Amino acid sequence: LDQKVEMTNWEKGHYINYKKMSENLAIVRKRLNRPLTFGEKILYSHLDDPEGQDIQRGASYLRLRPDRVACQDATAQMAILQFMSAGMPSVATPTTVHCDHLIEAQIGGDKDLDRAKSINQEVYDFLSSACAKYNIGFWRPGSGIIHQIVLENYAFPGGLMIGTDSHTPNAGGLGMVAIGVGGADAVDVMANLPWELKAPKYIGVKLTGEMSGWTAPKDIILKVAGILTVKGGTGAIVEYHGPGTNTLSCTGMGTICNMGAEIGATTSLFPFNDRMYDYLAATKRGPIGDFARKYAHELHEDEGAEYDQLIEINLSELEPHINGPFTPDLATPISKFKQAVIDNKWPDDLKVGLIGSCTNSSYEDMSRAASIAEDAMDHGIKAKALFTVTPGSEQIRATIERDGQLKTFEEFGGIVLANACGPCIGQWDRKDVKKGEPNSILSSYNRNFTGRNDANPATHSFVTSPDLVVALTIAGDLKFNPLTDKLKDKDGNEFMLKAPTGEGLPKNGYDPGRDTYQAPPEERSAVEVKVSPTSDRLQILEPFEAWDGKDATDVPILIKAQGKTTTDHISMAGPWLKYRGHLDNISNNMLIGAINAANGEANKVKNFKTGEVDAVPATARTYKKEGIKWVVIGDWNYGEGSSREHAALEPRHLGGLAIITRSFARIHETNLKKQGMLPLTFSNPEDYDKINPDDKVDIMCTQLEVGKPITMVVHPKDGESWECELSHTYNAPQIEWFKNGSALNTMAKNAGK
Ligand code: F3S
């Protein structure tokens, strides 16, 4: 295991460290003295402190050292802006950025790409120059979807990576623990802080038998989603095992792990096998495959490994499935689907079939889909519904262009879209139906929530394998079952479609296509990061000010929030996402969804100086201008929802000092600490009720110590002052974050030492 094997062909000097992993694992094995799941092996071999780390599934927080970070272009903006504010010369962990989310599908591949380049020029310029400056690999628009590029170039068995996108688990198809995170977590890892993850539980899925006919790998996850539902995987790694795993292609396993995000799982994972080896060889990473074979004894679960829950699926009996509409866990086997369409009155006229996306655009998927389209054309018929193809990467596009599948799709009536997310993330200028008109679409994507694809709440979106998408697109009818139903050829004669066939890997190797990668230059100090000072989408972040070392006195309450206050209430999404790279602009949405306990209304608070009622962000800005710090009082589980870092950055940017609540959602609490805000909780939750929005408070910041509460003095407008006790969860390193103004300031300070 002493060998030096590069993690990827695109970088120099980043070696796969199986030696270290096996040493760490030996330490943990001795301590735990029980068989481990494969996921446990990967996580525990990446512990920051394998000797001292508390390890309890579902309970302890693991401090981990991931091998890689990947960001997509929408989430990368704030992550990189934050990283820049730490003043470090380059990222501490290998990182890549992928331009895929901002490209809208309108008329097809190249034209859509050109339009996206002009609309998003300043974002692309910023990302490309920042990547060059900080030693980050940059995949330009047109290169493909993040998860495909990662599978093709960066994933490796036994590795640990985080990615700022929920479908990062796709890399589990290559035996990697790959976890979707928020930007703040990515920044930590880029800046060399250990990354925290609650030790997951494990759901084992044992696969036996072998698939045939119309059943595809997608049907495994469609079935699992039906069993576990959208919440069933929460806090768990879904670990596939058993003899059936060897019958699946590597990209098929990727599909299954990708859509594992739909059941809320931390990630999904397959054990290393020969199919992964073949895929590594086909993607010019033979040495990684050989190296993995040397470490193969640790690249699967131990015998007798225990799962918190076990599911068994016999692939020989598995039927093709269609899931939806409106939710990915409403699973219906094809034999029952026709009746379900009738019973539920789902619109049966299929309007659009969409294949590809990060979930299902492998060579195998494209070949099988093309075989069905060809079969139809051999009978003189084509797609009846509209049909789109989204290649997952430039490599896939170029390879299917060379090998003919692309031409087949076009002759069949398909539109080949850009190598990007497109309709999957709502970047779709759909013209064939009007907003509000009920209609059905069928895709090989992973997510089908209301409005996701075309912003039309009346669109019934279903997800299935690419095979069924093509078959039903030919029929133009949602009730069509290719396993039992006949079609009519051009002369009106009946025929049945043949079951799809297709190679797992291209016989003649992959064609890399156009060169879409930008490697960071050797000499980077002179590179200038491009951000226009007049931009409304991007803004360089200044480091936050350090703590002044004093207690804060006579601090006003900006808002006493009542009831549920989620990260959506604190930092709304929707149209605001345009400003995710511009902290000052996006701060205009700060807490605008929170309900003010004083009047029961959202976004209406009283300025204590003027007595005027104004919007929350505007009031905060007035205080900030006058050098007045403020606090927020919050209810139970404040900050639940997503890991959105803007929800912590905005109050800090607008001059907040502390958020004082009955309780916090943990991720938001940590995010606040990272930004130098004080998250505090009432030791006695009833004190929340005693606070009046007009009160002023003193916060004894100088008392901040590990494990000790601090005092808050409350000064009511009329009446006597009273004291209450506030608790916190700071550990010693985190207290430094507060003192230095933020976690990043602390990193920068330590790096400078
Ligand atoms: Fe993109 Fe949709 Fe995948 S948004 S990353 S193609 S899930």
# chains A, B, ... in the order shown; residues from 1 in each chain; ligands from 1
>>> residues_around(residues="Gln539 of chain A", least_positions_apart="6", cutoff="7 Å", atoms="only C-alpha atoms", output="PyMOL selection string")
chain A and resi 531+581-583
>>> write_last_selection(atoms="C-alpha atoms", output="short mmCIF file (atom, residue, chain, number, x, y, z; two decimals), in the first residue's frame")
data_model
loop_
_atom_site.label_atom_id
_atom_site.label_comp_id
_atom_site.auth_asym_id
_atom_site.auth_seq_id
_atom_site.Cartn_x
_atom_site.Cartn_y
_atom_site.Cartn_z
CA VAL A 531 -15.36 40.77 -9.62
CA GLY A 581 -22.85 35.60 -4.52
CA HIS A 582 -23.62 39.11 -3.25
CA LEU A 583 -23.94 39.19 0.51
#
>>> residues_around(residues="Cys724 of chain A", least_positions_apart="5", cutoff="9 Å", atoms="only C-alpha atoms", output="tab-separated table (two decimals) with N, CA and C atoms, in the first residue's frame")
chain	number	residue	atom	x	y	z
A	682	PHE	N	-31.96	29.89	26.00
A	682	PHE	CA	-32.45	30.13	27.36
A	682	PHE	C	-32.26	28.86	28.17
A	683	SER	N	-31.51	28.94	29.28
A	683	SER	CA	-31.36	27.74	30.12
A	683	SER	C	-32.74	27.34	30.63
A	684	ASN	N	-33.58	28.34	30.87
A	684	ASN	CA	-34.94	28.10	31.27
A	684	ASN	C	-35.84	28.57	30.11
A	687	ASP	N	-38.21	31.59	29.91
A	687	ASP	CA	-37.76	32.98	29.86
A	687	ASP	C	-38.08	33.63	28.51
A	710	ILE	N	-23.80	31.88	30.36
A	710	ILE	CA	-23.50	33.30	30.53
A	710	ILE	C	-24.78	34.03	30.92
A	711	THR	N	-24.57	35.23	31.45
A	711	THR	CA	-25.70	35.96	31.99
A	711	THR	C	-26.23	36.96	30.97
A	712	MET	N	-27.55	37.09	30.94
A	712	MET	CA	-28.15	38.17	30.17
A	712	MET	C	-28.99	39.01	31.14
A	713	VAL	N	-28.77	40.30	31.10
A	713	VAL	CA	-29.60	41.20	31.91
A	713	VAL	C	-30.64	41.81	30.97
A	714	VAL	N	-31.90	41.72	31.38
A	714	VAL	CA	-32.98	42.23	30.54
A	714	VAL	C	-33.49	43.54	31.14
>>> residues_around(residues="Asp568 of chain A", least_positions_apart="4", cutoff="8 Å", atoms="only C-alpha atoms", output="list in words")
Met572, Ala573, Gly593, Gly641 and Ser642 of chain A
>>> write_last_selection(atoms="N, CA and C atoms", output="mmCIF file, in the first residue's frame")
data_model
loop_
_atom_site.group_PDB
_atom_site.id
_atom_site.type_symbol
_atom_site.label_atom_id
_atom_site.label_comp_id
_atom_site.auth_asym_id
_atom_site.auth_seq_id
_atom_site.Cartn_x
_atom_site.Cartn_y
_atom_site.Cartn_z
ATOM 1 N N MET A 572 -34.720 33.579 2.409
ATOM 2 C CA MET A 572 -35.591 32.976 1.411
ATOM 3 C C MET A 572 -34.861 32.641 0.124
ATOM 4 N N ALA A 573 -35.358 31.603 -0.555
ATOM 5 C CA ALA A 573 -34.731 31.195 -1.816
ATOM 6 C C ALA A 573 -35.449 31.882 -2.974
ATOM 7 N N GLY A 593 -39.235 36.329 6.398
ATOM 8 C CA GLY A 593 -40.328 35.353 6.561
ATOM 9 C C GLY A 593 -40.650 35.061 8.023
ATOM 10 N N GLY A 641 -34.232 23.211 8.644
ATOM 11 C CA GLY A 641 -34.375 23.296 7.190
ATOM 12 C C GLY A 641 -33.087 22.904 6.520
ATOM 13 N N SER A 642 -32.527 23.816 5.759
ATOM 14 C CA SER A 642 -31.337 23.463 4.982
ATOM 15 C C SER A 642 -30.083 23.961 5.679
#
>>> residues_around(residues="Gly232 of chain A", least_positions_apart="5", cutoff="12 Å", atoms="only C-alpha atoms", output="PyMOL selection string")
chain A and resi 201-203+224-227+237-238+260-266+309+329
>>> residues_around(residues="Gln675 of chain A", least_positions_apart="6", cutoff="12 Å", atoms="only C-alpha atoms", output="number ranges by chain")
A: 82, 85-86, 184, 187-188, 543-547, 645-653, 655-658, 668-669, 734-746
>>> residues_near_ligand(ligand="ligand 1", cutoff="10 Å", atoms="only C-alpha atoms and all ligand atoms", output="ChimeraX atom specification")
/A:72,98,100-102,144-148,164-168,170,258-259,261-262,356-361,390-392,419-427,445-448,452-453
>>> residues_around(residues="Ala376 of chain A", least_positions_apart="5", cutoff="12 Å", atoms="only C-alpha atoms", output="ChimeraX atom specification")
/A:369-371,381-384,408-409,411-413,470-475,482,486-490,494-500
>>> residues_around(residues="Pro521 of chain A", least_positions_apart="4", cutoff="9 Å", atoms="only C-alpha atoms", output="list in words")
Ala132, Lys133 and Asn135 of chain A
>>> write_last_selection(atoms="C-alpha atoms", output="PDB file, in the first residue's frame")
ATOM      1  CA  ALA A 132      -7.083  29.688 -11.152  1.00  0.00           C
ATOM      2  CA  LYS A 133      -6.015  31.780  -8.192  1.00  0.00           C
ATOM      3  CA  ASN A 135      -5.619  26.052  -7.214  1.00  0.00           C
TER       4      ASN A 135
END
>>> select_by_dssp(residues="segment 276-336 of chain A", states="strand (DSSP E)", output="PyMOL selection string")
chain A and resi 309-314+321-323+331-333
>>> select_by_dssp(residues="segment 502-727 of chain A", states="helix (DSSP H, G or I)", output="ChimeraX atom specification")
/A:567-570,574-579,583-589,616-625,646-653,666-674,687-690,701-703
>>> write_last_selection(atoms="C-alpha atoms", output="compact mmCIF listing (two decimals), in the first residue's frame")
# COMPACT_ATOMS: atom_id res chain seq x y z
CA THR A 567 -33.65 28.81 7.11
CA ASP A 568 -36.24 29.70 4.46
CA HIS A 569 -37.75 32.27 6.82
CA ILE A 570 -34.28 33.58 7.61
CA GLY A 574 -36.61 31.69 -5.10
CA PRO A 575 -35.73 34.98 -6.81
CA TRP A 576 -33.13 35.74 -4.12
CA LEU A 577 -30.88 32.95 -5.38
CA LYS A 578 -29.72 35.32 -8.08
CA TYR A 579 -27.87 37.22 -5.36
CA LEU A 583 -23.94 39.19 0.51
CA ASP A 584 -25.12 42.76 0.77
CA ASN A 585 -27.89 42.33 -1.80
CA ILE A 586 -29.11 38.99 -0.56
CA SER A 587 -29.16 40.37 2.99
CA ASN A 588 -32.28 42.27 1.94
CA ASN A 589 -34.13 39.01 2.51
CA VAL A 616 -36.49 43.72 9.18
CA PRO A 617 -33.43 44.15 6.92
CA ALA A 618 -33.96 47.91 6.63
CA THR A 619 -34.20 48.29 10.41
CA ALA A 620 -31.05 46.22 10.91
CA ARG A 621 -29.26 48.42 8.39
CA THR A 622 -30.26 51.56 10.28
CA TYR A 623 -28.88 50.12 13.53
CA LYS A 624 -25.71 49.04 11.78
CA LYS A 625 -25.18 52.50 10.36
CA HIS A 646 -26.57 32.73 3.98
CA ALA A 647 -28.90 32.38 6.97
CA ALA A 648 -25.88 32.83 9.24
CA LEU A 649 -23.90 35.26 7.08
CA GLU A 650 -26.71 37.79 6.71
CA PRO A 651 -27.34 38.60 10.39
CA ARG A 652 -23.60 38.89 10.90
CA HIS A 653 -23.25 41.17 7.89
CA ARG A 666 -27.77 22.03 15.05
CA ILE A 667 -26.41 22.85 11.60
CA HIS A 668 -27.64 26.41 11.75
CA GLU A 669 -26.23 26.79 15.24
CA THR A 670 -22.80 25.69 13.99
CA ASN A 671 -23.08 27.95 10.96
CA LEU A 672 -23.77 30.92 13.25
CA LYS A 673 -20.70 30.10 15.33
CA LYS A 674 -18.60 29.86 12.19
CA ASP A 687 -37.76 32.98 29.86
CA TYR A 688 -38.59 33.31 26.16
CA ASP A 689 -42.14 34.23 27.16
CA LYS A 690 -40.92 36.85 29.62
CA CYS A 701 -19.74 38.02 26.41
CA THR A 702 -16.70 38.07 28.66
CA GLN A 703 -18.17 35.13 30.58
>>> closest_residue(among="A:Leu113, A:Val555, A:Val352, A:Leu248", to="Asp698 of chain A", atoms="only C-alpha atoms")
A:Val555
>>> closest_residue(among="A:Arg63, A:Arg57, A:Arg31, A:His14", to="Tyr154 of chain A", atoms="only C-alpha atoms")
A:His14
>>> atom_distance(atom1="atom CA of Leu680 of chain A", atom2="atom CA of Gly180 of chain A")
27.6 Å
>>> decode(residues="segment 608-622 of chain A", atoms="N, CA and C atoms", output="CSV table (one decimal), in the first residue's frame")
chain,number,residue,atom,x,y,z
A,608,PHE,N,-36.5,50.9,17.5
A,608,PHE,CA,-36.6,51.4,18.9
A,608,PHE,C,-36.3,52.9,19.0
A,609,LYS,N,-35.5,53.4,18.1
A,609,LYS,CA,-35.1,54.8,18.2
A,609,LYS,C,-36.2,55.8,17.7
A,610,THR,N,-36.7,55.4,16.5
A,610,THR,CA,-37.7,56.3,15.8
A,610,THR,C,-39.1,55.9,16.1
A,611,GLY,N,-39.3,54.6,16.5
A,611,GLY,CA,-40.7,54.1,16.8
A,611,GLY,C,-41.3,53.8,15.5
A,612,GLU,N,-40.6,53.9,14.3
A,612,GLU,CA,-41.3,53.6,13.1
A,612,GLU,C,-41.2,52.1,12.8
A,613,VAL,N,-42.3,51.7,12.1
A,613,VAL,CA,-42.3,50.3,11.7
A,613,VAL,C,-41.7,50.1,10.3
A,614,ASP,N,-40.8,49.2,10.1
A,614,ASP,CA,-40.1,49.1,8.8
A,614,ASP,C,-39.8,47.6,8.6
A,615,ALA,N,-39.2,47.3,7.4
A,615,ALA,CA,-38.8,45.9,7.1
A,615,ALA,C,-37.7,45.5,8.1
A,616,VAL,N,-37.5,44.2,8.3
A,616,VAL,CA,-36.5,43.7,9.2
A,616,VAL,C,-35.1,44.1,8.7
A,617,PRO,N,-34.8,43.8,7.4
A,617,PRO,CA,-33.4,44.1,6.9
A,617,PRO,C,-33.2,45.7,7.0
A,618,ALA,N,-34.1,46.5,6.6
A,618,ALA,CA,-34.0,47.9,6.6
A,618,ALA,C,-33.7,48.4,8.0
A,619,THR,N,-34.4,47.9,9.0
A,619,THR,CA,-34.2,48.3,10.4
A,619,THR,C,-32.8,47.9,10.9
A,620,ALA,N,-32.4,46.7,10.5
A,620,ALA,CA,-31.1,46.2,10.9
A,620,ALA,C,-30.0,47.1,10.3
A,621,ARG,N,-30.2,47.5,9.1
A,621,ARG,CA,-29.3,48.4,8.4
A,621,ARG,C,-29.1,49.8,9.1
A,622,THR,N,-30.3,50.3,9.6
A,622,THR,CA,-30.3,51.6,10.3
A,622,THR,C,-29.4,51.4,11.5
